Every structure is written in C-alpha cells, then in structure tokens.
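**Q** So that you have it, the file is input_4.txt, and it contains compact mmCIF, C-alpha atoms and all ligand atoms:
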# COMPACT_ATOMS: atom_id res chain seq x y z
CA MET A 97 -66.16 16.82 -36.62
CA THR A 98 -62.74 15.78 -37.85
CA SER A 99 -60.39 14.98 -34.98
CA VAL A 100 -56.84 16.30 -34.76
CA LEU A 101 -55.56 12.76 -35.17
CA GLU A 102 -57.52 12.32 -38.41
CA LEU A 103 -56.11 15.60 -39.71
CA ARG A 104 -52.62 14.42 -38.84
CA ARG A 105 -53.21 11.13 -40.64
CA THR A 106 -54.44 12.92 -43.75
CA ALA A 107 -51.47 15.30 -43.69
CA ALA A 108 -49.09 12.34 -43.33
CA LEU A 109 -50.72 10.54 -46.28
CA ARG A 110 -50.51 13.68 -48.40
CA ARG A 111 -46.84 14.04 -47.51
CA ALA A 112 -46.36 10.37 -48.40
CA ALA A 113 -47.79 11.02 -51.87
CA VAL A 114 -45.45 13.99 -52.33
CA ARG A 115 -42.44 11.92 -51.25
CA ALA A 116 -43.55 9.04 -53.49
CA THR A 117 -43.07 11.23 -56.55
CA PHE A 118 -39.30 11.33 -55.93
CA ALA A 119 -39.03 7.64 -56.84
CA PRO A 120 -37.02 6.44 -59.83
CA SER A 121 -39.03 5.41 -62.87
CA VAL A 122 -38.16 3.89 -66.18
CA HIS A 123 -37.15 6.74 -68.57
CA ASN A 124 -38.50 9.09 -65.86
CA THR A 125 -42.02 8.35 -67.11
CA GLN A 126 -43.44 8.75 -63.55
CA PRO A 127 -46.25 6.35 -64.47
CA TRP A 128 -48.25 6.81 -61.27
CA ARG A 129 -51.33 8.45 -59.85
CA PHE A 130 -52.31 8.86 -56.21
CA VAL A 131 -55.79 9.22 -54.78
CA LEU A 132 -56.23 10.46 -51.21
CA ARG A 133 -59.72 9.68 -49.95
CA ASP A 134 -61.31 8.65 -46.65
CA GLY A 135 -58.03 8.28 -44.79
CA GLU A 136 -56.58 6.06 -47.49
CA LEU A 137 -53.94 6.64 -50.15
CA GLY A 138 -54.39 4.69 -53.38
CA VAL A 139 -51.36 4.09 -55.61
CA TYR A 140 -52.45 3.63 -59.22
CA ALA A 141 -50.59 2.72 -62.40
CA ASP A 142 -51.01 5.34 -65.12
CA ARG A 143 -50.78 3.09 -68.14
CA SER A 144 -51.08 6.02 -70.53
CA ARG A 145 -47.41 6.57 -69.61
CA ARG A 146 -46.29 2.99 -70.33
CA LEU A 147 -43.38 2.53 -72.73
CA GLU A 148 -45.07 0.53 -75.46
CA VAL A 149 -41.88 -0.69 -77.10
CA LEU A 150 -39.63 -1.24 -74.10
CA ASP A 151 -42.21 -2.38 -71.59
CA PRO A 152 -45.21 -4.05 -73.27
CA THR A 153 -46.06 -6.10 -70.15
CA SER A 154 -45.90 -3.10 -67.73
CA ARG A 155 -43.17 -4.88 -65.75
CA GLN A 156 -40.96 -1.80 -65.50
CA LEU A 157 -43.95 0.48 -65.01
CA THR A 158 -44.99 -1.64 -62.01
CA ILE A 159 -41.43 -1.65 -60.62
CA SER A 160 -41.46 2.16 -60.88
CA CYS A 161 -44.75 2.36 -58.97
CA GLY A 162 -43.37 -0.08 -56.37
CA SER A 163 -40.50 2.34 -55.81
CA ALA A 164 -43.01 5.14 -55.27
CA LEU A 165 -44.87 2.92 -52.79
CA MET A 166 -41.64 2.42 -50.83
CA ASN A 167 -41.14 6.18 -50.60
CA ALA A 168 -44.67 6.53 -49.25
CA ARG A 169 -43.95 3.88 -46.59
CA VAL A 170 -40.69 5.61 -45.63
CA SER A 171 -42.44 8.98 -45.42
CA LEU A 172 -45.20 7.65 -43.18
CA ALA A 173 -42.63 6.20 -40.79
CA SER A 174 -40.88 9.54 -40.58
CA SER A 175 -44.25 11.21 -39.86
CA GLY A 176 -44.62 8.85 -36.89
CA PHE A 177 -47.15 6.45 -38.46
CA GLY A 178 -47.02 2.84 -39.51
CA ALA A 179 -48.29 1.84 -42.93
CA LYS A 180 -50.77 -0.91 -43.65
CA VAL A 181 -50.39 -1.78 -47.31
CA ASP A 182 -52.80 -3.90 -49.35
CA ARG A 183 -51.08 -4.78 -52.60
CA LEU A 184 -53.20 -5.38 -55.73
CA PRO A 185 -56.31 -5.40 -53.53
CA ASP A 186 -58.92 -5.51 -56.31
CA SER A 187 -58.55 -8.02 -59.13
CA ALA A 188 -61.25 -6.17 -61.10
CA HIS A 189 -59.11 -3.00 -61.06
CA SER A 190 -55.57 -3.94 -61.97
CA ASP A 191 -54.47 -0.29 -62.09
CA LEU A 192 -54.97 -0.03 -58.33
CA LEU A 193 -51.58 -1.31 -57.22
CA ALA A 194 -51.79 -0.56 -53.51
CA ARG A 195 -54.00 0.88 -50.82
CA ILE A 196 -52.18 2.48 -47.90
CA THR A 197 -53.72 3.30 -44.54
CA THR A 198 -51.94 4.50 -41.43
CA THR A 199 -51.49 2.65 -38.17
CA ASP A 200 -50.25 4.08 -34.89
CA GLN A 201 -47.13 1.91 -34.82
CA PRO A 202 -44.34 3.22 -37.08
CA ASP A 203 -41.94 0.55 -38.32
CA THR A 204 -38.87 1.62 -36.37
CA SER A 205 -36.98 -1.64 -37.01
CA ALA A 206 -36.42 -0.81 -40.68
CA GLY A 207 -34.62 2.49 -40.02
CA PHE A 208 -37.08 4.19 -42.37
CA ALA A 209 -36.82 7.61 -40.70
CA ALA A 210 -33.12 7.80 -41.69
CA LEU A 211 -34.05 6.80 -45.24
CA ASP A 212 -36.57 9.64 -45.47
CA SER A 213 -33.76 12.13 -44.94
CA VAL A 214 -31.87 10.88 -48.04
CA LEU A 215 -34.90 10.40 -50.25
CA GLU A 216 -34.24 13.54 -52.29
CA LEU A 217 -30.52 12.79 -52.52
CA ARG A 218 -31.07 9.47 -54.26
CA GLN A 219 -30.50 9.78 -57.96
CA THR A 220 -29.58 7.69 -60.95
CA ASN A 221 -25.91 8.30 -61.53
CA ARG A 222 -24.53 7.63 -65.02
CA ARG A 223 -21.07 9.08 -64.36
CA ARG A 224 -17.78 7.26 -64.16
CA PHE A 225 -17.48 5.51 -60.78
CA ASP A 226 -14.12 5.59 -59.01
CA ASP A 227 -12.14 2.42 -58.33
CA GLU A 228 -13.04 2.12 -54.64
CA GLN A 229 -14.55 -1.28 -53.82
CA VAL A 230 -17.96 -1.40 -52.19
CA PRO A 231 -17.19 -2.99 -48.80
CA ALA A 232 -18.50 -6.50 -48.15
CA GLU A 233 -20.46 -5.35 -45.10
CA VAL A 234 -22.34 -2.81 -47.22
CA LEU A 235 -23.24 -5.50 -49.73
CA SER A 236 -24.40 -7.82 -46.92
CA ALA A 237 -26.61 -5.05 -45.57
CA LEU A 238 -28.08 -4.56 -49.05
CA GLU A 239 -28.76 -8.30 -49.34
CA GLU A 240 -30.68 -8.12 -46.06
CA THR A 241 -32.58 -5.06 -47.25
CA ALA A 242 -33.76 -6.82 -50.40
CA ALA A 243 -34.69 -9.95 -48.44
CA ALA A 244 -36.83 -7.85 -46.09
CA GLU A 245 -38.81 -6.77 -49.17
CA HIS A 246 -39.45 -10.29 -50.52
CA SER A 247 -36.66 -10.01 -53.07
CA THR A 248 -33.13 -11.27 -53.51
CA LEU A 249 -30.00 -9.27 -54.20
CA PHE A 250 -27.34 -11.28 -56.02
CA VAL A 251 -23.86 -9.77 -55.94
CA VAL A 252 -22.04 -10.54 -59.18
CA SER A 253 -18.64 -11.46 -57.78
CA ARG A 254 -17.26 -14.43 -59.75
CA GLU A 255 -15.23 -13.51 -62.80
CA GLU A 256 -17.22 -15.78 -65.15
CA HIS A 257 -20.44 -14.16 -63.92
CA ARG A 258 -19.04 -10.66 -64.53
CA VAL A 259 -18.02 -11.69 -68.03
CA ALA A 260 -21.53 -13.07 -68.64
CA VAL A 261 -23.25 -9.91 -67.37
CA ALA A 262 -21.04 -7.74 -69.58
CA ARG A 263 -21.56 -9.90 -72.66
CA LEU A 264 -25.34 -10.20 -72.20
CA THR A 265 -25.70 -6.47 -71.58
CA ARG A 266 -23.84 -5.73 -74.82
CA THR A 267 -25.95 -8.28 -76.73
CA ALA A 268 -29.20 -6.85 -75.35
CA ASP A 269 -28.06 -3.29 -76.03
CA VAL A 270 -27.29 -4.11 -79.68
CA LEU A 271 -30.61 -5.94 -80.12
CA GLU A 272 -32.59 -3.07 -78.59
CA ASN A 273 -30.84 -0.38 -80.60
CA ALA A 274 -31.37 -2.30 -83.83
CA ASP A 275 -35.09 -1.55 -83.48
CA PRO A 276 -36.02 1.89 -84.87
CA ALA A 277 -39.13 1.94 -82.67
CA TYR A 278 -36.98 1.50 -79.55
CA ARG A 279 -34.72 4.34 -80.66
CA ALA A 280 -37.71 6.57 -81.41
CA GLU A 281 -39.13 5.87 -77.95
CA ILE A 282 -35.81 6.74 -76.30
CA ARG A 283 -35.62 9.92 -78.33
CA ALA A 284 -39.13 10.89 -77.23
CA TRP A 285 -38.13 10.43 -73.58
CA THR A 286 -34.78 12.23 -73.71
CA THR A 287 -35.09 15.96 -73.34
CA ASP A 288 -33.20 19.24 -73.22
CA ASP A 289 -36.43 21.23 -72.73
CA PRO A 290 -36.01 23.18 -69.47
CA GLY A 291 -39.80 23.36 -69.08
CA ARG A 292 -40.38 19.62 -69.31
CA ARG A 293 -41.07 17.75 -66.07
CA ASP A 294 -40.60 14.17 -67.23
CA GLY A 295 -38.14 12.24 -69.37
CA VAL A 296 -34.40 11.87 -68.96
CA ARG A 297 -32.55 15.16 -69.13
CA GLU A 298 -29.62 15.33 -71.50
CA LEU A 299 -27.74 16.96 -68.64
CA ALA A 300 -27.89 13.65 -66.78
CA VAL A 301 -26.58 11.35 -69.50
CA PRO A 302 -23.00 10.95 -70.63
CA TYR A 303 -21.88 12.21 -74.00
CA LEU A 304 -21.59 9.23 -76.33
CA ASP A 305 -20.16 9.47 -79.80
CA GLY A 306 -20.36 5.85 -80.94
CA LEU A 307 -16.63 5.33 -80.35
CA ILE A 308 -16.99 4.55 -76.67
CA GLN A 309 -17.47 0.84 -76.17
CA ASP A 310 -17.92 0.20 -72.48
CA GLU A 311 -17.80 -3.40 -71.27
CA VAL A 312 -21.18 -3.04 -69.55
CA PRO A 313 -22.74 -0.33 -71.73
CA LEU A 314 -25.17 2.08 -70.14
CA ARG A 315 -28.37 2.68 -72.01
CA VAL A 316 -27.79 5.21 -74.78
CA PHE A 317 -30.26 8.04 -74.14
CA ASP A 318 -28.18 10.51 -76.02
CA ILE A 319 -29.47 9.77 -79.46
CA GLY A 320 -28.51 13.24 -80.69
CA GLY A 321 -24.94 13.07 -79.30
CA MET A 322 -25.64 15.96 -76.93
CA GLY A 323 -25.14 14.41 -73.47
CA SER A 324 -23.43 16.47 -70.82
CA PRO A 325 -21.45 14.75 -68.06
CA PRO A 326 -17.87 14.04 -69.13
CA PRO A 327 -17.69 11.32 -71.78
CA GLY A 328 -17.17 7.67 -71.04
CA PRO A 329 -18.93 6.36 -67.95
CA HIS A 330 -16.28 3.65 -68.22
CA SER A 331 -18.72 1.05 -67.04
CA THR A 332 -16.59 -2.06 -66.69
CA ARG A 333 -17.22 -5.60 -65.52
CA SER A 334 -14.96 -4.99 -62.50
CA GLN A 335 -17.30 -2.36 -60.99
CA CYS A 336 -19.77 -3.49 -58.33
CA LEU A 337 -22.73 -5.12 -60.10
CA VAL A 338 -25.80 -6.57 -58.43
CA VAL A 339 -28.91 -8.29 -59.75
CA LEU A 340 -32.19 -7.78 -57.93
CA GLY A 341 -34.74 -10.52 -58.46
CA THR A 342 -37.93 -12.09 -57.23
CA GLU A 343 -39.21 -15.62 -56.80
CA GLY A 344 -42.12 -15.11 -59.20
CA ASP A 345 -42.62 -12.95 -62.28
CA ARG A 346 -46.14 -11.58 -61.93
CA PRO A 347 -47.37 -8.04 -61.18
CA ILE A 348 -47.21 -8.60 -57.41
CA ASP A 349 -43.54 -9.62 -57.78
CA TRP A 350 -42.81 -6.54 -59.90
CA LEU A 351 -44.42 -4.30 -57.30
CA ARG A 352 -42.36 -5.93 -54.54
CA ALA A 353 -39.23 -5.63 -56.71
CA GLY A 354 -39.86 -1.90 -56.98
CA GLU A 355 -40.17 -1.58 -53.22
CA ALA A 356 -36.96 -3.56 -52.77
CA LEU A 357 -35.23 -1.51 -55.47
CA GLU A 358 -36.01 1.83 -53.85
CA ARG A 359 -35.20 0.66 -50.33
CA THR A 360 -31.87 -0.69 -51.61
CA LEU A 361 -31.14 2.56 -53.47
CA LEU A 362 -31.93 4.62 -50.37
CA GLU A 363 -29.61 2.43 -48.28
CA ILE A 364 -26.89 2.92 -50.91
CA THR A 365 -27.45 6.69 -50.82
CA LYS A 366 -27.40 6.75 -47.02
CA ARG A 367 -23.94 5.18 -47.13
CA GLY A 368 -22.61 7.82 -49.54
CA PHE A 369 -22.53 5.59 -52.62
CA ALA A 370 -24.02 6.22 -56.04
CA ALA A 371 -25.93 3.75 -58.18
CA GLY A 372 -27.62 3.39 -61.51
CA PRO A 373 -29.69 0.74 -63.26
CA VAL A 374 -28.27 -0.96 -66.37
CA THR A 375 -31.25 -3.03 -67.30
CA GLN A 376 -30.92 -3.97 -70.97
CA ALA A 377 -30.06 -7.63 -70.23
CA VAL A 378 -33.19 -8.15 -68.15
CA GLU A 379 -35.44 -6.52 -70.78
CA VAL A 380 -34.66 -8.67 -73.80
CA PRO A 381 -36.33 -12.06 -73.24
CA SER A 382 -33.46 -14.15 -74.67
CA THR A 383 -30.72 -12.43 -72.63
CA ARG A 384 -32.88 -12.57 -69.50
CA ILE A 385 -33.14 -16.36 -69.86
CA GLN A 386 -29.39 -16.62 -70.46
CA LEU A 387 -28.65 -14.40 -67.47
CA ARG A 388 -30.61 -16.76 -65.21
CA ALA A 389 -28.85 -19.79 -66.66
CA GLU A 390 -25.30 -18.42 -66.68
CA LEU A 391 -25.49 -16.96 -63.17
CA GLY A 392 -27.31 -20.05 -61.88
CA LEU A 393 -30.21 -17.96 -60.60
CA THR A 394 -33.49 -19.54 -59.54
CA MET A 395 -35.05 -16.08 -59.12
CA TYR A 396 -36.36 -13.93 -61.96
CA PRO A 397 -33.95 -11.01 -62.54
CA GLN A 398 -35.81 -7.70 -62.39
CA MET A 399 -33.04 -5.08 -62.17
CA LEU A 400 -29.29 -4.88 -62.72
CA LEU A 401 -27.49 -2.11 -60.84
CA ARG A 402 -23.99 -0.69 -60.77
CA ILE A 403 -22.84 0.76 -57.46
CA GLY A 404 -19.83 2.96 -56.72
CA ARG A 405 -18.69 6.43 -55.76
CA ALA A 406 -19.20 9.36 -58.09
CA PRO A 407 -19.93 13.09 -57.98
CA LEU A 408 -23.59 14.07 -57.95
CA SER A 409 -25.48 14.25 -61.20
CA PRO A 410 -28.06 16.94 -62.14
CA ALA A 411 -31.40 16.10 -60.52
CA ALA A 412 -34.24 14.69 -62.62
CA ARG A 413 -37.46 16.71 -62.76
CA ARG A 414 -40.84 15.65 -61.44
CA ARG A 415 -44.40 16.22 -62.68
CA ARG A 416 -46.52 18.73 -60.81
CA LEU A 417 -48.41 17.44 -57.82
CA VAL A 418 -51.77 18.53 -59.23
CA ASP A 419 -51.15 16.24 -62.20
CA VAL A 420 -50.53 13.13 -60.09
CA LEU A 421 -52.54 13.56 -56.88
CA VAL A 422 -56.32 13.61 -56.59
CA GLU A 423 -57.65 14.62 -53.18
CA ASP A 424 -61.22 14.33 -52.06
CA ALA A 425 -62.37 16.70 -49.39
C1 LIG B 501 -37.51 -0.01 -63.82
C2 LIG B 501 -36.42 0.99 -64.08
C3 LIG B 501 -35.50 0.75 -65.11
C4 LIG B 501 -34.49 1.69 -65.36
N1 LIG B 501 -33.54 1.41 -66.32
C5 LIG B 501 -32.53 2.29 -66.54
C6 LIG B 501 -31.49 1.99 -67.47
O1 LIG B 501 -31.46 0.92 -68.07
N2 LIG B 501 -30.53 2.92 -67.65
C7 LIG B 501 -30.50 4.11 -66.97
O2 LIG B 501 -29.59 4.90 -67.18
N3 LIG B 501 -31.47 4.41 -66.07
C8 LIG B 501 -32.46 3.52 -65.83
N4 LIG B 501 -33.42 3.80 -64.89
C9 LIG B 501 -33.35 5.06 -64.13
C10 LIG B 501 -34.34 6.10 -64.64
O3 LIG B 501 -33.96 6.60 -65.89
C11 LIG B 501 -34.42 7.23 -63.58
O4 LIG B 501 -34.97 6.71 -62.40
C12 LIG B 501 -35.25 8.42 -64.02
O5 LIG B 501 -34.65 9.04 -65.13
C13 LIG B 501 -35.40 9.45 -62.90
O6 LIG B 501 -34.15 9.90 -62.46
P1 LIG B 501 -33.64 9.72 -60.97
O7 LIG B 501 -33.54 8.24 -60.69
O8 LIG B 501 -32.29 10.39 -60.95
O9 LIG B 501 -34.62 10.37 -60.05
C14 LIG B 501 -34.43 2.89 -64.60
C15 LIG B 501 -35.35 3.10 -63.57
C16 LIG B 501 -36.34 2.16 -63.31
C17 LIG B 501 -37.30 2.39 -62.17
How does this structure look as structure tokens?
Ligand SMILES: Cc1cc2nc3c(=O)[nH]c(=O)nc-3n(C[C@H](O)[C@H](O)[C@H](O)COP(=O)(O)O)c2cc1C
**A**
Amino acid sequence: MTSVLELRRTAALRRAAVRATFAPSVHNTQPWRFVLRDGELGVYADRSRRLEVLDPTSRQLTISCGSALMNARVSLASSGFGAKVDRLPDSAHSDLLARITTTDQPDTSAGFAALDSVLELRQTNRRRFDDEQVPAEVLSALEETAAAEHSTLFVVSREEHRVAVARLTRTADVLENADPAYRAEIRAWTTDDPGRRDGVRELAVPYLDGLIQDEVPLRVFDIGGMGSPPPGPHSTRSQCLVVLGTEGDRPIDWLRAGEALERTLLEITKRGFAAGPVTQAVEVPSTRIQLRAELGLTMYPQMLLRIGRAPLSPAARRRRLVDVLVEDA
C-alpha cells in the first residue's frame, strides 16, 4: 500500500513539474518534457522544438531546460522536500537531462521558498527601463547566486566593456538578421494568435519601425511591425548589463547555466527589478569569441541580461500540462 509520505512526495514532484513550466525558454519554445514515474521526475529535452537556425547545437534549448530544472528545485523546497538531482545521468540517452528525487531535507540555506512565491511574477521584460541604478549590493548578491550554481556573473561596469557589448550586440544583430532563414524562424515563433500557447506574443515585444537604433538592440521579434508596448525600449550601454557564463561549454555547463539563469532571474524579481536577455552577441560564434577577448573573460559567455525597473509586461503563455507531463500510475 502506498504510504502517505509517498503520496506527498509524488504530489510534490507533480507540483515541481507544473512550476517548471513557468521557466523562460528561447523564443518561448518550451522545449521540455517531464516524466513522473516511481517517485522520480525526469526532465527531458524535446528536440523537436529546437530552433534549427538559431540553436543548431541545442545550447539555448539546454539552458531553457536548466531553467525549468531550477523551478522544479525551488518548488520542491517550498513543498518541504530537498531535491537530489542527477544531471545527464545516462550517456546513452542524451535527451534525459536530469533525474530528480526528493529527500527529507529541504535546502533552506538557498532561500528557495521565497523564490517560489515570485516564480510566476518573473517575466522577460522588453520595455524601457528607468534610469535608476541597480544597487551594488544587489549585484553582489546576484554574483553569489550565480556562483552557487557553478556559474559566474560578470557585471559589465567599465566604459570600454559597455562599448564593446553594445558594438558586438549590434554586429551580431545585423549578421543574424541578414539571414532569411533566421528571420523566417523568428516570424514562425512570434504570434498574435490568442489560442497559441507557445512563441513570443506580439503584445510582449516593442513596436519597431526600423528607425529605432538602440545602442544595445533587443532582438527584433516584431517582423511585421506590429509590436505593442510603447516604442523604443531605449536599450543603452549605460543600463545595467551582466554576462552569465560557465567554465566549460558542454551540455552539462549549459544545463547549469540555465539553473543559474533562472535562480538569478528569480532573485532579481524578488527584489522588484525587471530583466530581459539580449543574447545576440553570445549566439554568433565570431562575436562570442570577441566578447570573451574584449571583456577579458576566461569563462564561456552563455547569456547577456539587462536589468532595471520597468512596468510589468503581458505574461507569456505556456503549453498545456498534458502535452508536457507524462505520469505513470
Ligand atoms: C536561452 C534563452 C535566450 C533568450 N534570448 C532572448 C533574446 O535574445 N531576446 C529576448 O527578448 N528574449 C530572450 N529570451 C526570453 C524568451 O523569449 C522568454 O523567456 C520567453 O518568450 C517566455 O517569456 P517569459 O520569460 O516572459 O516567461 C531568451 C530566453 C532564454 C531561456
């Protein structure tokens, strides 16, 4: 007979899968699948949702799944359980990114319970950020957060580094947009269909008319010129910019980077700040190499984020649970 404790564990793992689906994902592809079986939650990559043009190596897909894994860990802590996570446990099955089982010791040191309460408030914000500086103590806390997840957060503070980030982002943005296949992929993942549960909603991207030339341009989702928030995110080199990176550049590092990304984003949300990825410069191989060289980084850059204060943005949609979670009785 199933004990009450086993039922509680299963319920906590199911909740963890539900909470995992709130994670950010590249182009809101939600490239994950969860399998709940025998007291274990498997986190799988769904490579049928990989962006073939933007992400041929699955780097960003794996970062997205790592973010989902972090949400699952946070959820388990708030349900009163610890999480034992085996990352990439089976080399014969590379789609199995993590196996999660519960322990009786929740990780209280990480403040995960407080992060669970802001999990649904976290969002990618592409609006104009106000001029308020992000305090140094907040940035130090974010550096510690990333370090706790085997990653490094580099705050872009020197003027020559800001100039380099802006220039390399513009270069990468031009190179990407020069490729019709990249533009077609973006178009396929930008949507104004109220019934669609994936993709980036036009409501959440700024109106761009080709005349706006931001210093650190956000990715142009609005191929049809139909974006909604007020025009001009005014993304400048003087806003708070951070690079998140890892020591290596293999799938395990990408998974860890995703965990670090989401934990950092939740910490940012908890403190009342907004954030959004601006990742063009780390996607194009030549600008990624230059970014490392010009910022003097030994780590591999995985994400570039802008942080600031801004009004909320319309929430992104999520796929239905039945489409992402398999449960065995
Ligand atoms: C690996 C990764 C890369 C991303 N790159 C960008 C980007 O370059 N520009 C952008 O506006 N959003 C970017 N995003 C944010 C996603 O578009 C966003 O997470 C998704 O649309 C879901 O929306 P939400 O974060 O508000 O839940 C990225 C997210 C991830 C995980």
**Q** At a cut-off of 9 Å around ligand LIG 501 (chain B), and using only C-alpha atoms and all ligand atoms, what residues come up? Please write them as a ChimeraX atom specification.
**A** /A:118-126,155-163,216-222,294-297,300-301,314-317,354,357-358,372-377,379,398-401,409-414
**Q** Restricting the calculation to only C-alpha atoms: of A:Arg105, A:Arg367, A:Arg359, A:Arg415, which residue gets closest to Pro231 in chain A?
**A**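 Of A:Arg105, A:Arg367, A:Arg359, A:Arg415, the one nearest Pro231 in chain A is A:Arg367, counting only C-alpha atoms.
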**Q** Between CA of Arg258 in chain A and CA of Gly368 in chain A, what is the spacing in Å?
**A** 24.1 Å
**Q** With all atoms listed in the file as the atoms that count, which of A:Leu103, A:Leu150, A:Ala232, A:Ala242 lies nearest to Ala280 in chain A?
**A**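 Once distances to Ala280 in chain A are computed over all atoms listed in the file, the minimum belongs to A:Leu150.
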**Q** Have a look at CA of Ala113 in chain A and CA of Thr199 in chain A and let me know their distance in Å, one decimal.
**A** 16.5 Å
**Q** Closest to Val420 in chain A among A:Ile196, A:Ala107, A:Val139, A:Ala268, using all atoms listed in the file?
**A**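 Ranked by minimum distance to Val420 in chain A, first place goes to A:Val139.
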**Q** Figure out the distance between CA of Ala108 in chain A and CA of Ser175 in chain A, please, to one decimal in Å.
**A**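 Between CA of Ser175 in chain A and CA of Ala108 in chain A the gap is 6.1 Å.
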**Q** Name the residues in contact with Gly176 in chain A at a cut-off of 8 Å, using only C-alpha atoms, excluding same-chain residues fewer than 6 positions from it; report them as a list of chain:residue names.
**A**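 Here the qualifying residues turn out to be A:Asp200, A:Gln201, A:Pro202.
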**Q** Write the residues of the preceding selection, restricted to C-alpha atoms, as a CSV table (one decimal), keeping the file's coordinate frame.
**A**
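Produced file part.csv, reproduced below:
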chain,number,residue,atom,x,y,z
A,200,ASP,CA,-50.2,4.1,-34.9
A,201,GLN,CA,-47.1,1.9,-34.8
A,202,PRO,CA,-44.3,3.2,-37.1
**Q** So, counting only C-alpha atoms, which residue among A:Thr383, A:Leu238, A:Phe208, A:Gly344 is closest to Arg266 in chain A?
**A**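 Comparing A:Thr383, A:Leu238, A:Phe208, A:Gly344 against Arg266 in chain A, the winner is A:Thr383.
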**Q** Find the residues around Arg263 in chain A up to 10 Å (all atoms listed in the file counted), leave out those fewer than 2 positions away in its own chain, and share them as a compact mmCIF listing (two decimals) with C-alpha atoms, keeping the file's coordinate frame.
**A**
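Final output, saved to selection-v2.txt:
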# COMPACT_ATOMS: atom_id res chain seq x y z
CA HIS A 257 -20.44 -14.16 -63.92
CA ARG A 258 -19.04 -10.66 -64.53
CA VAL A 259 -18.02 -11.69 -68.03
CA ALA A 260 -21.53 -13.07 -68.64
CA VAL A 261 -23.25 -9.91 -67.37
CA THR A 265 -25.70 -6.47 -71.58
CA ARG A 266 -23.84 -5.73 -74.82
CA THR A 267 -25.95 -8.28 -76.73
CA ALA A 268 -29.20 -6.85 -75.35
CA ASP A 269 -28.06 -3.29 -76.03
CA GLU A 311 -17.80 -3.40 -71.27
CA VAL A 312 -21.18 -3.04 -69.55
CA PRO A 313 -22.74 -0.33 -71.73
CA ARG A 333 -17.22 -5.60 -65.52
CA ALA A 377 -30.06 -7.63 -70.23
CA THR A 383 -30.72 -12.43 -72.63
CA LEU A 387 -28.65 -14.40 -67.47
**Q** Compile the contact shell of Leu421 in chain A as a ChimeraX atom specification: residues with an atom at most 10 Å away, counting only C-alpha atoms, same-chain residues fewer than 5 positions apart removed.
**A** /A:110,113-114,117,128-132,137-139,416
**Q** Quick one: 4 Å padding each side, axis-aligned, all listed atoms of range 235-242 of chain A - centre and edge lengths in Å to one decimal, as AutoDock Vina command-line options?
**A**
--center_x -28.5 --center_y -6.4 --center_z -48.0 --size_x 18.5 --size_y 11.7 --size_z 12.8
**Q** Which polymer residues, whether protein, DNA or RNA, lie within 9 Å of the coordinate (-36.3, -7.5, -38.2) when you count all atoms listed in the file? List them as a PyMOL selection string, using the chain letters and numbers from the file.
**A** chain A and resi 205-206+244
